[in-house]
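Shown here: query.txt, compact mmCIF, C-alpha atoms.
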# COMPACT_ATOMS: atom_id res chain seq x y z
CA MET A 25 14.72 -0.03 10.62
CA ILE A 26 17.26 -2.53 9.36
CA PRO A 27 15.94 -5.58 11.31
CA VAL A 28 12.48 -5.14 9.74
CA PHE A 29 13.98 -5.07 6.25
CA THR A 30 16.31 -8.02 6.96
CA HIS A 31 13.32 -10.00 8.16
CA TYR A 32 11.36 -9.04 5.03
CA LEU A 33 14.14 -10.15 2.67
CA ILE A 34 14.73 -13.47 4.46
CA ASP A 35 11.10 -14.38 5.16
CA ARG A 36 9.42 -13.13 2.02
CA PHE A 37 12.14 -13.62 -0.58
CA ASP A 38 14.36 -16.40 0.78
CA PHE A 39 17.48 -14.25 1.01
CA THR A 40 20.37 -15.83 2.92
CA THR A 41 22.19 -13.79 5.60
CA GLU A 42 25.15 -13.52 3.20
CA GLU A 43 22.90 -11.99 0.55
CA VAL A 44 21.12 -9.59 2.91
CA ASN A 45 24.12 -7.58 4.10
CA PRO A 46 25.49 -6.35 0.76
CA VAL A 47 21.93 -5.41 -0.27
CA ILE A 48 21.27 -3.39 2.89
CA ASP A 49 24.51 -1.46 2.43
CA TYR A 50 23.00 0.28 -0.60
CA PHE A 51 19.91 1.51 1.24
CA LYS A 52 19.85 4.78 3.19
CA GLU A 53 17.63 5.35 6.21
CA GLU A 54 15.44 8.46 5.99
CA ARG A 55 12.64 10.06 7.92
CA LEU A 56 9.91 12.10 6.28
CA ASN A 57 7.44 14.24 8.15
CA LYS A 58 3.76 14.12 7.29
CA GLY A 59 3.32 16.32 4.21
CA ASP A 60 6.88 15.85 2.91
CA TYR A 61 7.21 14.73 -0.68
CA LEU A 62 9.01 11.57 -1.75
CA LEU A 63 8.48 12.68 -5.36
CA ARG A 64 6.93 15.81 -6.85
CA GLU A 65 5.19 16.02 -10.22
CA GLY A 66 7.64 17.21 -12.86
CA GLU A 67 10.61 15.46 -11.23
CA VAL A 68 12.17 12.31 -12.65
CA CYS A 69 11.91 9.39 -10.22
CA LYS A 70 15.48 8.35 -9.39
CA SER A 71 14.98 6.17 -6.34
CA ILE A 72 12.80 3.50 -4.77
CA ALA A 73 11.70 3.53 -1.13
CA PHE A 74 10.82 0.64 1.15
CA LEU A 75 8.30 1.80 3.71
CA ILE A 76 9.25 0.71 7.24
CA GLU A 77 6.61 2.82 8.96
CA GLY A 78 4.01 5.33 7.82
CA ALA A 79 1.94 5.81 4.68
CA PHE A 80 2.24 7.49 1.29
CA ILE A 81 -0.42 8.92 -0.98
CA TYR A 82 -0.02 8.96 -4.79
CA PHE A 83 -1.96 11.73 -6.48
CA GLU A 84 -2.15 14.08 -9.44
CA ASN A 85 -2.95 17.77 -9.19
CA VAL A 86 -5.79 18.44 -11.63
CA GLU A 87 -7.03 22.04 -11.66
CA GLY A 88 -6.19 22.49 -7.99
CA GLU A 89 -7.72 19.21 -6.91
CA GLU A 90 -5.68 16.28 -5.59
CA LYS A 91 -6.88 13.22 -7.49
CA VAL A 92 -5.76 10.02 -5.79
CA LEU A 93 -4.33 7.00 -7.61
CA ASP A 94 -3.03 4.89 -4.75
CA PHE A 95 -1.68 4.55 -1.22
CA ALA A 96 1.32 2.70 0.21
CA PHE A 97 1.61 1.34 3.76
CA GLU A 98 4.21 -0.57 5.78
CA HIS A 99 6.35 -2.99 3.73
CA ASP A 100 5.20 -1.54 0.42
CA TRP A 101 7.65 -0.19 -2.12
CA ALA A 102 7.13 3.36 -3.36
CA SER A 103 8.30 4.71 -6.72
CA GLN A 104 6.88 5.98 -9.99
CA ILE A 105 7.63 3.26 -12.49
CA ASN A 106 6.83 5.16 -15.69
CA SER A 107 9.05 8.10 -14.73
CA MET A 108 11.84 5.81 -13.52
CA ILE A 109 11.92 3.45 -16.50
CA ASN A 110 11.41 5.99 -19.27
CA VAL A 111 13.32 8.80 -17.50
CA VAL A 112 10.43 11.23 -17.96
CA PRO A 113 8.94 13.77 -15.52
CA SER A 114 6.43 12.20 -13.17
CA ALA A 115 2.79 13.28 -13.51
CA LEU A 116 2.19 11.95 -10.01
CA ASN A 117 3.16 13.22 -6.58
CA ILE A 118 4.11 10.82 -3.78
CA ARG A 119 3.63 12.48 -0.38
CA ALA A 120 3.87 11.30 3.22
CA LEU A 121 0.34 10.89 4.59
CA GLU A 122 1.87 10.26 8.04
CA ASP A 123 5.38 10.61 9.47
CA CYS A 124 7.39 7.98 7.60
CA GLN A 125 10.52 5.91 8.12
CA ILE A 126 11.91 4.61 4.87
CA LEU A 127 14.88 2.84 3.36
CA ARG A 128 15.79 4.38 0.04
CA ILE A 129 17.96 3.15 -2.82
CA SER A 130 18.91 5.12 -5.93
CA VAL A 131 18.11 3.65 -9.34
CA THR A 132 21.86 3.61 -10.08
CA ASP A 133 22.65 1.64 -6.91
CA LEU A 134 19.74 -0.69 -7.60
CA GLU A 135 21.35 -1.69 -10.88
CA ILE A 136 24.68 -2.28 -9.11
CA VAL A 137 23.13 -4.42 -6.40
CA LYS A 138 21.11 -6.42 -8.98
CA ALA A 139 24.35 -7.27 -10.78
CA LYS A 140 25.91 -8.40 -7.46
CA ILE A 141 22.93 -10.25 -5.97
CA PRO A 142 20.69 -11.70 -8.72
CA LYS A 143 17.93 -12.41 -6.19
CA VAL A 144 17.23 -8.65 -6.10
CA SER A 145 16.07 -8.84 -9.73
CA ILE A 146 13.67 -11.62 -8.77
CA LEU A 147 12.41 -9.55 -5.83
CA GLN A 148 11.86 -6.58 -8.15
CA ALA A 149 9.96 -8.73 -10.65
CA ARG A 150 7.75 -10.23 -7.91
CA ILE A 151 6.92 -6.76 -6.52
CA LEU A 152 6.00 -5.47 -9.96
CA GLU A 153 3.86 -8.55 -10.66
CA ALA A 154 2.02 -8.10 -7.35
CA HIS A 155 1.41 -4.40 -8.10
CA TYR A 156 0.21 -5.27 -11.61
CA VAL A 157 -2.21 -7.90 -10.34
CA LYS A 158 -3.57 -5.43 -7.77
CA ALA A 159 -3.97 -2.69 -10.41
CA ASN A 160 -5.86 -5.07 -12.71
CA THR A 161 -8.16 -6.19 -9.90
CA ARG A 162 -8.93 -2.56 -9.03
CA LEU A 163 -9.47 -1.79 -12.72
CA PHE A 164 -11.93 -4.65 -13.12
CA ASN A 165 -13.79 -3.64 -9.95
CA MET A 166 -13.86 0.00 -11.04
CA ALA A 167 -15.44 -0.96 -14.38
CA HIS A 168 -17.85 -3.60 -13.16
CA LEU A 169 -18.77 -3.12 -9.51
CA SER A 170 -20.96 -0.48 -7.90
CA ALA A 171 -19.35 2.11 -5.60
CA LYS A 172 -20.75 0.24 -2.60
CA GLU A 173 -19.36 -3.12 -3.75
CA ARG A 174 -15.94 -1.55 -4.45
CA TYR A 175 -15.89 0.09 -1.05
CA LYS A 176 -16.62 -3.22 0.70
CA LYS A 177 -13.97 -5.15 -1.26
CA GLU A 178 -11.24 -2.53 -0.87
CA VAL A 179 -11.87 -2.03 2.85
CA ILE A 180 -11.89 -5.78 3.57
CA GLU A 181 -8.62 -6.25 1.65
CA THR A 182 -6.91 -3.13 3.01
CA PRO A 183 -8.36 -2.16 6.40
CA GLU A 184 -5.75 0.64 6.63
CA LEU A 185 -7.86 2.58 4.13
CA LEU A 186 -10.57 3.08 6.76
CA GLN A 187 -8.27 3.51 9.71
CA ARG A 188 -5.60 5.80 8.33
CA VAL A 189 -6.88 7.60 5.21
CA PRO A 190 -8.93 10.81 5.44
CA GLN A 191 -12.42 10.30 4.01
CA TYR A 192 -11.85 12.85 1.24
CA TYR A 193 -8.83 10.94 -0.11
CA LEU A 194 -10.54 7.56 0.24
CA ALA A 195 -13.48 8.80 -1.86
CA SER A 196 -11.07 10.05 -4.54
CA TYR A 197 -9.24 6.68 -4.54
CA LEU A 198 -12.56 4.87 -5.00
CA GLY A 199 -13.59 7.27 -7.79
CA ILE A 200 -16.70 8.47 -5.95
CA LYS A 201 -17.90 11.75 -4.42
CA PRO A 202 -17.20 12.31 -0.68
CA GLN A 203 -20.94 12.55 0.00
CA SER A 204 -21.51 9.15 -1.71
CA LEU A 205 -18.82 7.64 0.52
CA SER A 206 -20.46 9.13 3.63
CA ARG A 207 -23.76 7.54 2.62
CA ILE A 208 -22.15 4.15 1.92
CA ARG A 209 -20.31 4.24 5.25
CA ALA A 210 -23.48 5.17 7.13
CA GLU A 211 -25.16 2.11 5.60
CA ASN A 212 -22.29 -0.35 6.03
CA ASP A 213 -19.90 0.44 8.89
CA MET B 2 5.14 -15.56 -38.51
CA ILE B 3 8.79 -15.90 -37.55
CA PRO B 4 10.10 -12.85 -39.50
CA VAL B 5 7.65 -10.56 -37.63
CA PHE B 6 8.85 -11.88 -34.28
CA THR B 7 12.54 -11.70 -35.29
CA HIS B 8 12.01 -8.10 -36.32
CA TYR B 9 10.28 -7.35 -33.00
CA LEU B 10 13.10 -8.83 -30.92
CA ILE B 11 15.84 -7.06 -32.87
CA ASP B 12 14.14 -3.69 -33.32
CA ARG B 13 12.37 -3.33 -30.01
CA PHE B 14 14.72 -5.18 -27.66
CA ASP B 15 18.15 -5.04 -29.30
CA PHE B 16 18.52 -8.78 -29.71
CA THR B 17 21.40 -9.89 -31.90
CA THR B 18 20.81 -12.49 -34.63
CA GLU B 19 22.71 -15.00 -32.47
CA GLU B 20 20.32 -14.37 -29.60
CA VAL B 21 17.16 -14.50 -31.70
CA ASN B 22 17.47 -18.04 -33.06
CA PRO B 23 17.70 -19.99 -29.79
CA VAL B 24 14.78 -17.94 -28.46
CA ILE B 25 12.56 -18.63 -31.45
CA ASP B 26 13.22 -22.37 -31.20
CA TYR B 27 11.17 -22.46 -27.99
CA PHE B 28 8.08 -20.84 -29.53
CA LYS B 29 5.40 -22.84 -31.33
CA GLU B 30 3.30 -21.41 -34.14
CA GLU B 31 -0.46 -21.77 -33.63
CA ARG B 32 -3.64 -20.60 -35.27
CA LEU B 33 -6.81 -19.92 -33.32
CA ASN B 34 -10.20 -19.36 -34.90
CA LYS B 35 -12.41 -16.52 -33.76
CA GLY B 36 -14.11 -17.73 -30.57
CA ASP B 37 -11.35 -20.18 -29.59
CA TYR B 38 -10.00 -19.83 -26.06
CA LEU B 39 -6.35 -19.19 -25.28
CA LEU B 40 -7.23 -19.66 -21.59
CA ARG B 41 -10.49 -20.56 -19.85
CA GLU B 42 -11.48 -19.51 -16.35
CA GLY B 43 -10.59 -22.24 -13.87
CA GLU B 44 -7.48 -23.29 -15.82
CA VAL B 45 -3.96 -22.49 -14.65
CA CYS B 46 -2.12 -20.31 -17.17
CA LYS B 47 0.91 -22.32 -18.32
CA SER B 48 2.00 -20.41 -21.41
CA ILE B 49 2.49 -16.96 -22.89
CA ALA B 50 1.45 -16.00 -26.42
CA PHE B 51 2.90 -13.36 -28.73
CA LEU B 52 0.17 -12.10 -31.01
CA ILE B 53 1.32 -11.99 -34.65
CA GLU B 54 -2.12 -11.29 -36.08
CA GLY B 55 -5.62 -10.98 -34.62
CA ALA B 56 -7.06 -9.85 -31.30
CA PHE B 57 -7.87 -11.29 -27.90
CA ILE B 58 -10.49 -10.28 -25.37
CA TYR B 59 -9.93 -10.76 -21.60
CA PHE B 60 -13.16 -11.14 -19.66
CA GLU B 61 -14.82 -12.64 -16.61
CA ASN B 62 -18.17 -14.42 -16.66
CA VAL B 63 -20.29 -12.80 -13.96
CA GLU B 64 -23.82 -14.20 -13.71
CA GLY B 65 -23.92 -15.01 -17.41
CA GLU B 66 -22.51 -11.66 -18.49
CA GLU B 67 -19.08 -11.25 -20.07
CA LYS B 68 -17.37 -8.42 -18.19
CA VAL B 69 -14.36 -7.13 -20.10
CA LEU B 70 -11.01 -6.32 -18.52
CA ASP B 71 -8.79 -5.83 -21.56
CA PHE B 72 -7.95 -6.51 -25.19
CA ALA B 73 -4.74 -7.53 -26.93
CA PHE B 74 -3.80 -6.73 -30.52
CA GLU B 75 -0.85 -7.39 -32.84
CA HIS B 76 2.55 -7.52 -31.07
CA ASP B 77 0.99 -7.70 -27.62
CA TRP B 78 1.75 -10.55 -25.25
CA ALA B 79 -1.19 -12.50 -23.84
CA SER B 80 -1.18 -14.39 -20.54
CA GLN B 81 -2.80 -14.26 -17.12
CA ILE B 82 -0.03 -13.15 -14.77
CA ASN B 83 -1.75 -13.91 -11.45
CA SER B 84 -2.62 -17.47 -12.48
CA MET B 85 0.82 -18.05 -14.01
CA ILE B 86 2.92 -16.70 -11.13
CA ASN B 87 0.88 -18.06 -8.24
CA VAL B 88 -0.16 -21.28 -10.04
CA VAL B 89 -3.83 -20.68 -9.25
CA PRO B 90 -6.93 -21.11 -11.47
CA SER B 91 -7.55 -18.08 -13.66
CA ALA B 92 -10.68 -16.03 -12.98
CA LEU B 93 -10.35 -14.58 -16.47
CA ASN B 94 -10.97 -16.00 -19.92
CA ILE B 95 -8.77 -15.06 -22.87
CA ARG B 96 -10.62 -15.65 -26.16
CA ALA B 97 -9.85 -14.93 -29.81
CA LEU B 98 -11.94 -11.93 -30.90
CA GLU B 99 -10.76 -12.55 -34.49
CA ASP B 100 -8.87 -15.39 -36.19
CA CYS B 101 -5.42 -15.28 -34.59
CA GLN B 102 -1.88 -16.30 -35.44
CA ILE B 103 0.27 -16.63 -32.36
CA LEU B 104 3.66 -17.80 -31.17
CA ARG B 105 3.34 -19.61 -27.88
CA ILE B 106 5.91 -20.56 -25.26
CA SER B 107 5.29 -22.69 -22.17
CA VAL B 108 6.17 -21.26 -18.77
CA THR B 109 8.69 -24.10 -18.34
CA ASP B 110 10.42 -23.31 -21.63
CA LEU B 111 10.37 -19.61 -20.79
CA GLU B 112 12.44 -20.32 -17.68
CA ILE B 113 14.89 -22.39 -19.75
CA VAL B 114 15.29 -19.71 -22.41
CA LYS B 115 15.73 -16.98 -19.76
CA ALA B 116 18.61 -18.96 -18.25
CA LYS B 117 20.19 -19.29 -21.72
CA ILE B 118 19.54 -15.77 -23.04
CA PRO B 119 19.43 -13.22 -20.17
CA LYS B 120 17.97 -10.57 -22.49
CA VAL B 121 14.68 -12.49 -22.39
CA SER B 122 14.37 -11.61 -18.68
CA ILE B 123 14.84 -7.95 -19.54
CA LEU B 124 12.21 -8.22 -22.30
CA GLN B 125 9.81 -9.82 -19.82
CA ALA B 126 10.42 -7.08 -17.25
CA ARG B 127 9.88 -4.32 -19.87
CA ILE B 128 6.61 -5.88 -21.04
CA LEU B 129 5.32 -6.15 -17.49
CA GLU B 130 6.33 -2.56 -16.74
CA ALA B 131 4.52 -1.32 -19.86
CA HIS B 132 1.39 -3.29 -18.93
CA TYR B 133 1.56 -1.95 -15.37
CA VAL B 134 1.89 1.65 -16.54
CA LYS B 135 -1.07 1.17 -18.88
CA ALA B 136 -3.20 -0.40 -16.12
CA ASN B 137 -2.42 2.51 -13.77
CA THR B 138 -3.30 5.07 -16.42
CA ARG B 139 -6.62 3.34 -17.07
CA LEU B 140 -7.24 3.11 -13.33
CA PHE B 141 -6.63 6.82 -12.85
CA ASN B 142 -8.86 7.68 -15.81
CA MET B 143 -11.59 5.34 -14.58
CA ALA B 144 -11.60 7.04 -11.16
CA HIS B 145 -11.26 10.64 -12.28
CA LEU B 146 -12.51 11.16 -15.83
CA SER B 147 -16.05 11.15 -17.16
CA ALA B 148 -17.17 8.34 -19.48
CA LYS B 149 -16.90 10.75 -22.43
CA GLU B 150 -13.35 11.82 -21.51
CA ARG B 151 -12.28 8.18 -21.04
CA TYR B 152 -13.78 7.20 -24.38
CA LYS B 153 -11.87 9.96 -26.18
CA LYS B 154 -8.54 9.14 -24.51
CA GLU B 155 -8.80 5.38 -25.04
CA VAL B 156 -9.87 5.67 -28.66
CA ILE B 157 -7.11 8.13 -29.51
CA GLU B 158 -4.49 5.91 -27.89
CA THR B 159 -5.85 2.62 -29.27
CA PRO B 160 -7.81 3.22 -32.50
CA GLU B 161 -8.26 -0.58 -32.83
CA LEU B 162 -10.89 -0.32 -30.10
CA LEU B 163 -13.23 1.49 -32.46
CA GLN B 164 -12.32 -0.40 -35.58
CA ARG B 165 -12.22 -3.98 -34.33
CA VAL B 166 -14.14 -4.29 -31.07
CA PRO B 167 -17.94 -4.81 -31.00
CA GLN B 168 -19.68 -1.89 -29.31
CA TYR B 169 -21.03 -4.09 -26.50
CA TYR B 170 -17.53 -5.18 -25.47
CA LEU B 171 -16.09 -1.68 -25.81
CA ALA B 172 -18.76 -0.34 -23.44
CA SER B 173 -17.93 -3.07 -20.92
CA TYR B 174 -14.19 -2.27 -21.18
CA LEU B 175 -14.92 1.41 -20.52
CA GLY B 176 -17.17 0.54 -17.58
CA ILE B 177 -20.25 2.17 -19.12
CA LYS B 178 -23.63 1.01 -20.42
CA PRO B 179 -23.92 0.26 -24.17
CA GLN B 180 -26.58 2.98 -24.54
CA SER B 181 -24.22 5.54 -22.92
CA LEU B 182 -21.51 4.56 -25.41
CA SER B 183 -23.96 4.95 -28.31
CA ARG B 184 -24.83 8.46 -27.11
CA ILE B 185 -21.14 9.42 -26.65
CA ARG B 186 -20.30 8.10 -30.13
CA ALA B 187 -23.21 9.95 -31.70
CA GLU B 188 -21.85 13.17 -30.18
CA ASN B 189 -18.15 12.61 -30.93
CA ASP B 190 -17.45 10.39 -33.95

Represent the structure from my file as structure tokens, please.
Amino acid sequence: MIPVFTHYLIDRFDFTTEEVNPVIDYFKEERLNKGDYLLREGEVCKSIAFLIEGAFIYFENVEGEEKVLDFAFEHDWASQINSMINVVPSALNIRALEDCQILRISVTDLEIVKAKIPKVSILQARILEAHYVKANTRLFNMAHLSAKERYKKEVIETPELLQRVPQYYLASYLGIKPQSLSRIRAEND
Amino acid sequence: MIPVFTHYLIDRFDFTTEEVNPVIDYFKEERLNKGDYLLREGEVCKSIAFLIEGAFIYFENVEGEEKVLDFAFEHDWASQINSMINVVPSALNIRALEDCQILRISVTDLEIVKAKIPKVSILQARILEAHYVKANTRLFNMAHLSAKERYKKEVIETPELLQRVPQYYLASYLGIKPQSLSRIRAEND
């Protein structure tokens, strides 16, 4: 797993080899089976995971139904920001949608490594900015595009959604009924 | 305007008096009339504004219609992150919804002041986190709540929406038709 992460830090965030090694030392390799939880609702989020392989689903349980907020795929970071920052129980669950290989760092160690290697703070800011921009784009599309238009945009931008996400969860993510998604797919795929 | 901002930095972000003054020196006081633009679509966002008094509306022009993404009120920060970070033309407009008093800092000066006063970087990270959490909450509500439920939640959390935002723009922000909003308000207010 380490070579993938090294590559990511050097290529995407201009880390030098000297900066990479002390950062990597704070991350632990873990494997999760499909269905395992990275975070359960009610828990406080105390770590951040870098996804080497696999996929996560973010969802809330509402009256027995799993309502989807988001997905994460390879080279995404997974955590629950609100819970982590404000040290409050998470309303969201983060669960492995496939078998996953991750690198995980505790919030405590993240602070240590940020103090040692300032570039980690920049990386963290860039990741948050990218997530914020994506959330705002989805929000705008959700308010102003039809279900069909949203489906097309999301699937073009993130083809993994079609290839790796069960239809039921994809419909929930798009904020539409599974039968509406079936109809849209029949017309467009 | 300065005392309000000083108060904000000290109370909300634990700035000391010594830290506040060099920060304030980089901000310029400005007044915008209702209808003035803080940022127009197609421009690159090169500054961030702290809103002392007034309100902004964030919207895109889509085929002659103003489609609303967000609003900002007193003590919010206004900028267009995607345009600022990636130095690309903004798709969004930011316009004064009321007469506004702002404190504005250029992106260049922001970098200088962050190097001088590290607490400014922390402030910036906290603001972005809060905006991200809010965007995700709205996104979840948009996908999984009815228009009526969304209206109730948004109006309870941000009463300014009812008091200061024209009904047409509020409907657009909620992703519903103006006549649906009228019906919901008739039933709930």

Measure the distance from CA of Ala50 in chain B to CA of Phe37 in chain A in Å and round it to one decimal. 28.1 Å

Provide the CA of Tyr61 in chain A to CA of Glu184 in chain A distance in Å, to one decimal place.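 If I compute the distance from CA of Tyr61 in chain A to CA of Glu184 in chain A, I get 20.5 Å.
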
Do you know which residues are at most 12 Å from Ser48 in chain B counting only C-alpha atoms, after dropping those on the same chain fewer than 4 positions away, and could you put them as a ChimeraX atom specification? /B:27-29,39-40,44,78-82,84-86,88,103-112

Residues of chain B within 12 Å of chain A, counting all atoms listed in the file, what are they? List them as JSON, numbers by chain. {"B": [59, 60, 61, 62, 63, 66, 67, 68, 69, 70, 71, 81, 82, 83, 84, 85, 86, 87, 91, 92, 93, 119, 122, 123, 124, 125, 126, 127, 128, 129, 130, 131, 132, 133, 134, 135, 136, 137, 138, 139, 140, 141, 142, 143, 144, 145, 146, 147, 148, 151, 171, 172, 173, 174, 175, 176, 177, 178]}

Dump of C-alpha atoms for the selected residues, as a compact mmCIF listing (two decimals), in the coordinates of the input:
# COMPACT_ATOMS: atom_id res chain seq x y z
CA TYR B 59 -9.93 -10.76 -21.60
CA PHE B 60 -13.16 -11.14 -19.66
CA GLU B 61 -14.82 -12.64 -16.61
CA ASN B 62 -18.17 -14.42 -16.66
CA VAL B 63 -20.29 -12.80 -13.96
CA GLU B 66 -22.51 -11.66 -18.49
CA GLU B 67 -19.08 -11.25 -20.07
CA LYS B 68 -17.37 -8.42 -18.19
CA VAL B 69 -14.36 -7.13 -20.10
CA LEU B 70 -11.01 -6.32 -18.52
CA ASP B 71 -8.79 -5.83 -21.56
CA GLN B 81 -2.80 -14.26 -17.12
CA ILE B 82 -0.03 -13.15 -14.77
CA ASN B 83 -1.75 -13.91 -11.45
CA SER B 84 -2.62 -17.47 -12.48
CA MET B 85 0.82 -18.05 -14.01
CA ILE B 86 2.92 -16.70 -11.13
CA ASN B 87 0.88 -18.06 -8.24
CA SER B 91 -7.55 -18.08 -13.66
CA ALA B 92 -10.68 -16.03 -12.98
CA LEU B 93 -10.35 -14.58 -16.47
CA PRO B 119 19.43 -13.22 -20.17
CA SER B 122 14.37 -11.61 -18.68
CA ILE B 123 14.84 -7.95 -19.54
CA LEU B 124 12.21 -8.22 -22.30
CA GLN B 125 9.81 -9.82 -19.82
CA ALA B 126 10.42 -7.08 -17.25
CA ARG B 127 9.88 -4.32 -19.87
CA ILE B 128 6.61 -5.88 -21.04
CA LEU B 129 5.32 -6.15 -17.49
CA GLU B 130 6.33 -2.56 -16.74
CA ALA B 131 4.52 -1.32 -19.86
CA HIS B 132 1.39 -3.29 -18.93
CA TYR B 133 1.56 -1.95 -15.37
CA VAL B 134 1.89 1.65 -16.54
CA LYS B 135 -1.07 1.17 -18.88
CA ALA B 136 -3.20 -0.40 -16.12
CA ASN B 137 -2.42 2.51 -13.77
CA THR B 138 -3.30 5.07 -16.42
CA ARG B 139 -6.62 3.34 -17.07
CA LEU B 140 -7.24 3.11 -13.33
CA PHE B 141 -6.63 6.82 -12.85
CA ASN B 142 -8.86 7.68 -15.81
CA MET B 143 -11.59 5.34 -14.58
CA ALA B 144 -11.60 7.04 -11.16
CA HIS B 145 -11.26 10.64 -12.28
CA LEU B 146 -12.51 11.16 -15.83
CA SER B 147 -16.05 11.15 -17.16
CA ALA B 148 -17.17 8.34 -19.48
CA ARG B 151 -12.28 8.18 -21.04
CA LEU B 171 -16.09 -1.68 -25.81
CA ALA B 172 -18.76 -0.34 -23.44
CA SER B 173 -17.93 -3.07 -20.92
CA TYR B 174 -14.19 -2.27 -21.18
CA LEU B 175 -14.92 1.41 -20.52
CA GLY B 176 -17.17 0.54 -17.58
CA ILE B 177 -20.25 2.17 -19.12
CA LYS B 178 -23.63 1.01 -20.42

Quick check, in Å to one decimal: how far apart do CA of Asn94 in chain B and CA of Phe57 in chain B lie? 9.8 Å

Could you pull the residues within 12 Å of Glu42 in chain A, counting only C-alpha atoms, minus those fewer than 2 positions along the same chain, as an NGL selection string? :A and (30 or 33-34 or 38-40 or 44-48 or 140-141 or 143)

Nearest candidate to Val166 in chain B (options B:Glu99, B:Glu64, B:Glu150, B:Glu30; using all atoms listed in the file): B:Glu99

For Thr159 in chain B, the nearest of the candidates B:Leu98, B:Ala116, B:Val89, B:Ala73, counting only C-alpha atoms: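 Between B:Leu98, B:Ala116, B:Val89, B:Ala73, the residue approaching Thr159 in chain B most closely is B:Ala73.
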